[in-house]
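Everything below concerns the one structure shown next.
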Amino acid sequence: MTAAREDHTSTTLLTEAPAVHAPAAGAETEADAALAFPPKFIWGAGTAAYQIEGGASDDGRGASIWDTFSRTPGRVHNGDTGDRAVDHYHRYEQDVALMAQLGLRAYRFSVAWPRIQPDGRGPANQHGLDYYRRLVDCLLDHDVEPWLTLYHWDLPQALQDAGGWPRRDTAERFADYAALVYEALHDRVRIWTTMNEPWCSAFLGYGSGRLAPGVQDPHQAVRAAHHLMLGHGRAIAALRAIDAGNQLGITLDFNPAMPASGDPADVEMATRVDGLRNRIFLDAILRGAYPADVLRDLERVTDLSHLRDGDQAVIGMPIDLLGVNYYNRALVAAGPAAAGAAPMLEFPGAETAVFVPQENRPRTARDWPVDPDGLYDLLLRLHREYPPVPLAVTENGAAFNDYADPEGQVHDPDRISFLDGHFRAAQRAIAAGVDLRGYFVWSLLDNFEWEEGYSKRFGLIYVDYPTQQRVLKDSAHWYRQVIARNGLDGHPAPAPALGG
Ligand code: IFM
């Protein structure tokens with residue numbers, strides 16, 4: 001089955017494929033024109049509820065798995081929590097004004113499920129819906145298009161206590177929750193994303209336990225992955241039944257796997273890791289089936305009795321947009337098959353995979369290699385190998401060790417260079433025919449970086465955490481110019497230094 005790509009909406013935002021090589025408004029030279037993005041290209045920035053909102057017990061919000069996890073000693077760097085975060089719950093008007101100052105055309109944010117259903121089920125908490133309605137109206141008043149994500153990792157704790165994503169019922173609960181939010185906001189939000197990065201929720205949440213809820217069990221991880229997908233499909237169906245006039249999709253995080261050498265064993269291992277990391281969700285959604293080689297690997301660690309007839313059709317329901325989160329690629333080799341080796345918790349079934357350090361690349365403060373060509377290759381792969389669907393880069397960005405100088409300025413040339421390189425890669429992909437509609441920098445603001453707490457700063461906007469003062473970093477000023485000219489100038493920013 002392939003995903004049909006009908007236009008489900010009357011909105012013009014995502015209905016026109018970008019004109020290739022279209023000159024940017026204001027492009028003055030041929031070199032500038034060559035680096036222009038299509039007219040109406042959607043420049044944005046993103047955040048997620050738990051990472052920025054704070055207000056953890058305001059207005060009837062319930063507890064999520066991230067409240068529990070972050071308050072558990074040893075789970076998060078420095079014992080940091082999202083209790084206050086960057087206080088966006090109370091400062092959203094100021095933050096939206098900053099978005100308008102940057103010229104953002106769109107803002108990607110998530111709704112906190114436990115604000116809407118404190119226990120994960122039952123009627124909506126009106127205060128929660130009202131908050132997001134106020135946020136959305138504020139965005140619209142500033143001409144910033146809201147891109148709403150329904151689930152960015154903050155499962156209500158009550159649902160985790162009942163079994164969490166490994167339990168099939170959670171998919172039904174998610175669809176109910178999605179419908180409550182949609183009923184309230186479908187008249188003013190046109191772009192809807194069901195899930196953000198289901199791989200992280202499933203395999204880091206229930207496999208390695210690096211993220212909430214911190215479970216280490218590959219059996220549960222495999223079940224969670226399927227039920228996240230099922231929840232996505234059920235939500236798409238529920239939303240379409242309420243109002244088919246908006247654009248619905250999902251965001252996946254891609255970490256393409258490259259073989260460390262031409263050795264057939266390395267090539268085969270890279271294919272398997274790629275399957276367990278990327279194709280497991282991508283094929284289920286766009287091709288309507290889990291890949292056979294992925295199912296074979298999963299069966300090495302668990303039975304597949306949780307897969308039911310009809311599930312694949314629900315998961316493979318047509319979508320209008322695929323969100324692409326890209327940070328880097330993995331270099332993979334086949335290790336020796338050690339007898340009795342511990343299961344690879346994040347890649348169940350591929351326990352002899354070895355992740356080879358990429359010494360020759362600059363690195364960010366998260367120690368991630370900087371690899372813009374990987375974005376180009378990924379976009380081309382999606383374009384060439386999968387049924388056509390409009391794409392948006394819904395996350396790309398980098399953490400660096402930013403600080404405010406004595407004049408209160410934040411100079412972050414490495415972030416400018418990072419973004420410049422990735423924007424150029426995206427521009428090349430568009431020129432090669434990829435239907436890329438938008439690009440969201442991660443992140444709008446410095447924020448709670450999950451297990452790393454506040455130690456890693458991804459923002460275009462610096463936040464002084466004790467005072468909550470916001471300062472536009474140099475990268476924010478640079479990004480404002482990119483948006484204003486709808487493209488890049490002819491001079492690539494110098495590459496970040498090796499070693500970040
Ligand atoms: O901060 C996260 C985000 O929540 C999900 N994608 C990756 C980002 C950087 O780690």
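In the structure tokens, each chain is lettered A, B, ... as it comes, each chain's residues begin at 1, and ligands are numbered from 1 in order of appearance.
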Env. residues ligand 1 / 7 Å / only C-alpha atoms and all ligand atoms / as a PyMOL selection string: chain A and resi 48+197+325+395+442+449-450
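All residues of protein, DNA or RNA that reach within 7 Å of Asp80 (chain A), judged by only C-alpha atoms and not counting those fewer than 2 positions away in the chain, are Ser70, Val76, His77, Asn78, Gly453 and Tyr454 of chain A.
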Given the selection you just returned, output its residues as a file containing N, CA and C atoms, formatted as a short mmCIF file (atom, residue, chain, number, x, y, z; two decimals), in the first residue's frame.
```cif
data_model
loop_
_atom_site.label_atom_id
_atom_site.label_comp_id
_atom_site.auth_asym_id
_atom_site.auth_seq_id
_atom_site.Cartn_x
_atom_site.Cartn_y
_atom_site.Cartn_z
N SER A 70 12.43 13.35 35.89
CA SER A 70 13.40 14.39 36.22
C SER A 70 13.53 14.58 37.73
N VAL A 76 18.62 12.97 35.54
CA VAL A 76 18.87 14.15 34.70
C VAL A 76 20.07 14.90 35.27
N HIS A 77 20.91 15.38 34.38
CA HIS A 77 22.10 16.14 34.76
C HIS A 77 21.75 17.20 35.80
N ASN A 78 22.50 17.24 36.86
CA ASN A 78 22.37 18.29 37.87
C ASN A 78 21.04 18.25 38.62
N GLY A 453 19.50 18.17 31.10
CA GLY A 453 19.03 19.32 31.85
C GLY A 453 19.27 20.62 31.09
N TYR A 454 19.74 21.64 31.82
CA TYR A 454 19.95 22.95 31.18
C TYR A 454 21.40 23.14 30.73
#
```
Atomic separation - CA of Thr81 (chain A) relative to CA of Gly408 (chain A), Å: 26.2 Å
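Among the candidates A:Asp283, A:Glu172, A:Asp303, A:Asp187, the one nearest to Arg223 (chain A) when counting only C-alpha atoms is A:Asp303.
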Using only C-alpha atoms, which of A:Asp143, A:Pro494, A:Pro38, A:Arg457 sits nearest Val434 (chain A)? A:Pro38
Pick from A:Val189, A:Ile315, A:Ala330, A:Ala284, whichever lies nearest to Thr271 (chain A) using only C-alpha atoms: A:Ala330
Separation of CA of Asp373 (chain A) from CA of Tyr326 (chain A), in Å and rounded to one decimal: 11.0 Å
For Arg105 (chain A), list every protein, DNA or RNA residue within 6 Å, evaluated using only C-alpha atoms, and leave out those in the same chain fewer than 4 positions away; present the list as an mmCIF file with C-alpha atoms, in the first residue's frame.
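Result saved to part-v4.cif:
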```cif
data_model
loop_
_atom_site.group_PDB
_atom_site.id
_atom_site.type_symbol
_atom_site.label_atom_id
_atom_site.label_comp_id
_atom_site.auth_asym_id
_atom_site.auth_seq_id
_atom_site.Cartn_x
_atom_site.Cartn_y
_atom_site.Cartn_z
ATOM 1 C CA ILE A 42 8.319 28.422 5.665
ATOM 2 C CA TRP A 43 11.107 29.595 7.936
ATOM 3 C CA GLY A 44 10.418 28.688 11.522
ATOM 4 C CA VAL A 144 3.201 33.538 12.804
#
```
Select from region 357-478 of chain A everything DSSP, run on the backbone, classes as strand (DSSP E or B), then give the selection as a list in words. Arg363, Pro369, Leu391, Ala392, Val393, Thr394, Glu395, Asn396, Phe400, Leu436, Arg437, Gly438, Tyr439, Phe440, Val441, Trp442, Leu445, Arg457, Ile461, Tyr462, Val463, Asp464, Gln469, Arg470, Val471 and Leu472 of chain A
Write the residues of the selection above to a file with N, CA, C and O atoms, as a tab-separated table (two decimals), in the first residue's frame.
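Saved as result-v1.tsv:
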```tsv
chain	number	residue	atom	x	y	z
A	363	ARG	N	32.41	18.95	15.96
A	363	ARG	CA	31.38	18.39	16.85
A	363	ARG	C	30.70	19.51	17.61
A	363	ARG	O	31.29	20.56	17.85
A	369	PRO	N	28.54	14.82	15.62
A	369	PRO	CA	29.29	15.28	14.45
A	369	PRO	C	28.46	16.22	13.58
A	369	PRO	O	27.24	16.08	13.50
A	391	LEU	N	7.65	17.59	2.36
A	391	LEU	CA	8.55	17.46	3.50
A	391	LEU	C	8.79	18.82	4.15
A	391	LEU	O	8.75	19.86	3.47
A	392	ALA	N	9.07	18.81	5.44
A	392	ALA	CA	9.59	20.00	6.11
A	392	ALA	C	10.68	19.52	7.06
A	392	ALA	O	10.51	18.48	7.71
A	393	VAL	N	11.78	20.23	7.12
A	393	VAL	CA	12.75	19.95	8.18
A	393	VAL	C	12.16	20.55	9.45
A	393	VAL	O	12.07	21.77	9.58
A	394	THR	N	11.69	19.69	10.33
A	394	THR	CA	11.00	20.20	11.52
A	394	THR	C	11.96	20.40	12.70
A	394	THR	O	11.57	21.02	13.68
A	395	GLU	N	13.17	19.84	12.60
A	395	GLU	CA	14.20	20.15	13.59
A	395	GLU	C	15.56	20.01	12.96
A	395	GLU	O	15.87	19.01	12.30
A	396	ASN	N	16.38	21.02	13.19
A	396	ASN	CA	17.81	20.94	12.90
A	396	ASN	C	18.44	22.11	13.65
A	396	ASN	O	17.90	23.22	13.67
A	400	PHE	N	25.82	24.67	21.51
A	400	PHE	CA	27.19	25.12	21.71
A	400	PHE	C	27.27	25.77	23.09
A	400	PHE	O	26.24	26.04	23.72
A	436	LEU	N	10.53	20.29	-0.54
A	436	LEU	CA	10.76	20.72	0.84
A	436	LEU	C	10.06	22.06	1.05
A	436	LEU	O	10.37	23.04	0.37
A	437	ARG	N	9.12	22.08	1.99
A	437	ARG	CA	8.28	23.28	2.15
A	437	ARG	C	8.76	24.22	3.26
A	437	ARG	O	8.35	25.37	3.30
A	438	GLY	N	9.53	23.71	4.21
A	438	GLY	CA	9.87	24.58	5.33
A	438	GLY	C	11.06	24.06	6.10
A	438	GLY	O	11.54	22.94	5.88
A	439	TYR	N	11.51	24.89	7.05
A	439	TYR	CA	12.71	24.56	7.82
A	439	TYR	C	12.56	25.19	9.20
A	439	TYR	O	12.41	26.41	9.32
A	440	PHE	N	12.58	24.37	10.23
A	440	PHE	CA	12.41	24.85	11.60
A	440	PHE	C	13.71	24.64	12.37
A	440	PHE	O	14.15	23.51	12.55
A	441	VAL	N	14.29	25.74	12.79
A	441	VAL	CA	15.53	25.63	13.59
A	441	VAL	C	15.15	25.14	14.98
A	441	VAL	O	14.19	25.61	15.58
A	442	TRP	N	15.93	24.19	15.46
A	442	TRP	CA	15.82	23.78	16.85
A	442	TRP	C	16.95	24.44	17.60
A	442	TRP	O	18.09	24.17	17.32
A	445	LEU	N	14.42	28.87	21.75
A	445	LEU	CA	15.00	29.35	23.02
A	445	LEU	C	15.90	28.28	23.62
A	445	LEU	O	15.63	27.09	23.46
A	457	ARG	N	22.78	24.23	25.38
A	457	ARG	CA	21.98	25.36	24.86
A	457	ARG	C	21.82	25.24	23.36
A	457	ARG	O	22.80	25.34	22.63
A	461	ILE	N	17.77	32.07	20.85
A	461	ILE	CA	17.62	33.09	21.88
A	461	ILE	C	18.21	32.53	23.18
A	461	ILE	O	17.84	31.44	23.63
A	462	TYR	N	19.14	33.29	23.73
A	462	TYR	CA	19.79	32.90	24.98
A	462	TYR	C	18.85	33.20	26.13
A	462	TYR	O	18.19	34.24	26.15
A	463	VAL	N	18.80	32.28	27.09
A	463	VAL	CA	18.01	32.53	28.30
A	463	VAL	C	18.95	32.51	29.50
A	463	VAL	O	19.67	31.53	29.72
A	464	ASP	N	18.94	33.61	30.24
A	464	ASP	CA	19.67	33.65	31.51
A	464	ASP	C	18.73	33.01	32.53
A	464	ASP	O	17.74	33.62	32.95
A	469	GLN	N	15.86	36.30	31.66
A	469	GLN	CA	16.01	37.33	30.64
A	469	GLN	C	16.36	36.67	29.30
A	469	GLN	O	17.13	35.71	29.26
A	470	ARG	N	15.77	37.16	28.23
A	470	ARG	CA	16.03	36.65	26.88
A	470	ARG	C	16.98	37.60	26.14
A	470	ARG	O	16.78	38.82	26.20
A	471	VAL	N	17.95	37.03	25.41
A	471	VAL	CA	18.88	37.82	24.61
A	471	VAL	C	18.99	37.16	23.24
A	471	VAL	O	19.26	35.96	23.15
A	472	LEU	N	18.78	37.92	22.17
A	472	LEU	CA	18.96	37.34	20.83
A	472	LEU	C	20.44	37.06	20.61
A	472	LEU	O	21.27	37.97	20.73
```
Write out as a PyMOL selection string each polymer residue whose atoms come within 6 Å of region 108-123 of chain A, counting only C-alpha atoms; drop sequence neighbours fewer than 2 positions from it. chain A and resi 46-49+61-62+125+128+147-150+156+158-159
Would you mind exporting all heavy atoms of the selected residues as a compact mmCIF listing (two decimals), in the first residue's frame?
```
# COMPACT_ATOMS: atom_id res chain seq x y z
N GLY A 46 11.41 25.87 16.52
CA GLY A 46 10.58 24.94 17.28
C GLY A 46 10.93 24.89 18.76
O GLY A 46 12.02 25.30 19.18
N THR A 47 9.97 24.36 19.51
CA THR A 47 10.15 24.08 20.94
C THR A 47 9.26 22.88 21.28
O THR A 47 8.53 22.38 20.42
CB THR A 47 9.68 25.25 21.83
OG1 THR A 47 8.26 25.42 21.63
CG2 THR A 47 10.41 26.55 21.54
N ALA A 48 9.30 22.46 22.53
CA ALA A 48 8.37 21.43 23.01
C ALA A 48 7.92 21.81 24.42
O ALA A 48 8.68 22.44 25.17
CB ALA A 48 9.04 20.07 23.03
N ALA A 49 6.70 21.40 24.75
CA ALA A 49 6.05 21.88 25.98
C ALA A 49 6.92 21.70 27.22
O ALA A 49 7.21 22.67 27.93
CB ALA A 49 4.71 21.17 26.15
N ARG A 61 -2.76 21.18 35.61
CA ARG A 61 -1.91 20.26 34.85
C ARG A 61 -1.58 19.04 35.72
O ARG A 61 -1.23 19.16 36.89
CB ARG A 61 -0.61 20.95 34.44
CG ARG A 61 0.40 20.05 33.72
CD ARG A 61 1.69 20.83 33.48
NE ARG A 61 2.75 20.06 32.84
CZ ARG A 61 3.58 19.23 33.46
NH1 ARG A 61 3.44 19.01 34.76
NH2 ARG A 61 4.53 18.60 32.79
N GLY A 62 -1.68 17.86 35.13
CA GLY A 62 -1.30 16.63 35.82
C GLY A 62 0.19 16.36 35.65
O GLY A 62 0.91 17.11 34.99
N ASN A 125 -9.55 19.36 30.39
CA ASN A 125 -9.38 20.43 31.37
C ASN A 125 -9.44 21.75 30.60
O ASN A 125 -8.54 22.06 29.82
CB ASN A 125 -8.02 20.24 32.06
CG ASN A 125 -7.60 21.45 32.86
OD1 ASN A 125 -8.43 22.22 33.33
ND2 ASN A 125 -6.29 21.62 33.01
N GLY A 128 -6.47 24.11 30.36
CA GLY A 128 -5.39 23.70 29.45
C GLY A 128 -5.70 24.12 28.02
O GLY A 128 -4.85 24.70 27.33
N TRP A 147 2.30 25.66 14.12
CA TRP A 147 2.46 24.25 13.75
C TRP A 147 2.40 23.46 15.04
O TRP A 147 3.33 23.54 15.85
CB TRP A 147 3.81 24.00 13.04
CG TRP A 147 3.82 24.41 11.61
CD1 TRP A 147 3.35 25.57 11.09
CD2 TRP A 147 4.36 23.66 10.51
NE1 TRP A 147 3.55 25.59 9.73
CE2 TRP A 147 4.17 24.43 9.35
CE3 TRP A 147 4.98 22.41 10.40
CZ2 TRP A 147 4.58 23.99 8.09
CZ3 TRP A 147 5.39 21.98 9.15
CH2 TRP A 147 5.19 22.76 8.01
N LEU A 148 1.33 22.73 15.22
CA LEU A 148 1.05 22.12 16.52
C LEU A 148 1.41 20.63 16.52
O LEU A 148 0.97 19.89 15.64
CB LEU A 148 -0.43 22.32 16.84
CG LEU A 148 -0.92 21.91 18.22
CD1 LEU A 148 -2.16 22.73 18.60
CD2 LEU A 148 -1.23 20.42 18.32
N THR A 149 2.20 20.24 17.49
CA THR A 149 2.52 18.82 17.70
C THR A 149 1.74 18.32 18.91
O THR A 149 1.74 18.97 19.97
CB THR A 149 4.03 18.62 17.95
OG1 THR A 149 4.74 19.06 16.80
CG2 THR A 149 4.37 17.16 18.22
N LEU A 150 1.09 17.19 18.75
CA LEU A 150 0.24 16.69 19.84
C LEU A 150 1.03 15.93 20.90
O LEU A 150 0.63 15.88 22.06
CB LEU A 150 -0.85 15.78 19.25
CG LEU A 150 -1.95 16.54 18.53
CD1 LEU A 150 -2.67 15.64 17.53
CD2 LEU A 150 -2.94 17.14 19.53
N PRO A 156 1.06 11.37 30.13
CA PRO A 156 0.57 11.49 31.52
C PRO A 156 1.06 10.30 32.37
O PRO A 156 0.99 9.14 31.93
CB PRO A 156 -0.95 11.48 31.35
CG PRO A 156 -1.18 12.05 29.98
CD PRO A 156 -0.03 11.52 29.15
N ALA A 158 -0.22 8.88 34.81
CA ALA A 158 -1.26 7.89 35.11
C ALA A 158 -1.33 6.82 34.02
O ALA A 158 -1.60 5.64 34.31
CB ALA A 158 -2.62 8.59 35.25
N LEU A 159 -1.09 7.22 32.77
CA LEU A 159 -1.10 6.21 31.70
C LEU A 159 0.14 5.33 31.76
O LEU A 159 0.07 4.13 31.43
CB LEU A 159 -1.21 6.89 30.33
CG LEU A 159 -2.54 7.57 30.03
CD1 LEU A 159 -2.57 8.07 28.60
CD2 LEU A 159 -3.73 6.64 30.28
```
Identify which of the residues A:Met195, A:Val273, A:Ala333, A:Val86 lies closest to Ala175 (chain A), counting only C-alpha atoms when measuring atom-to-atom distances. A:Met195
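Between His88 (chain A) and the candidates A:Gly374, A:Gly60, A:Pro466, A:Gly54, the tightest atom-to-atom separation, counting only C-alpha atoms, involves A:Gly54.
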Would you please give, as number ranges by chain, all residues of region 175-256 of chain A that DSSP assigns to alpha helix (DSSP H) based on the backbone? A: 175-185, 198-199, 218-242
Test item: residues at most 12 Å from Thr467 (chain A), only C-alpha atoms, excluding those fewer than 6 positions along its chain, as a PyMOL selection string: chain A and resi 84-87
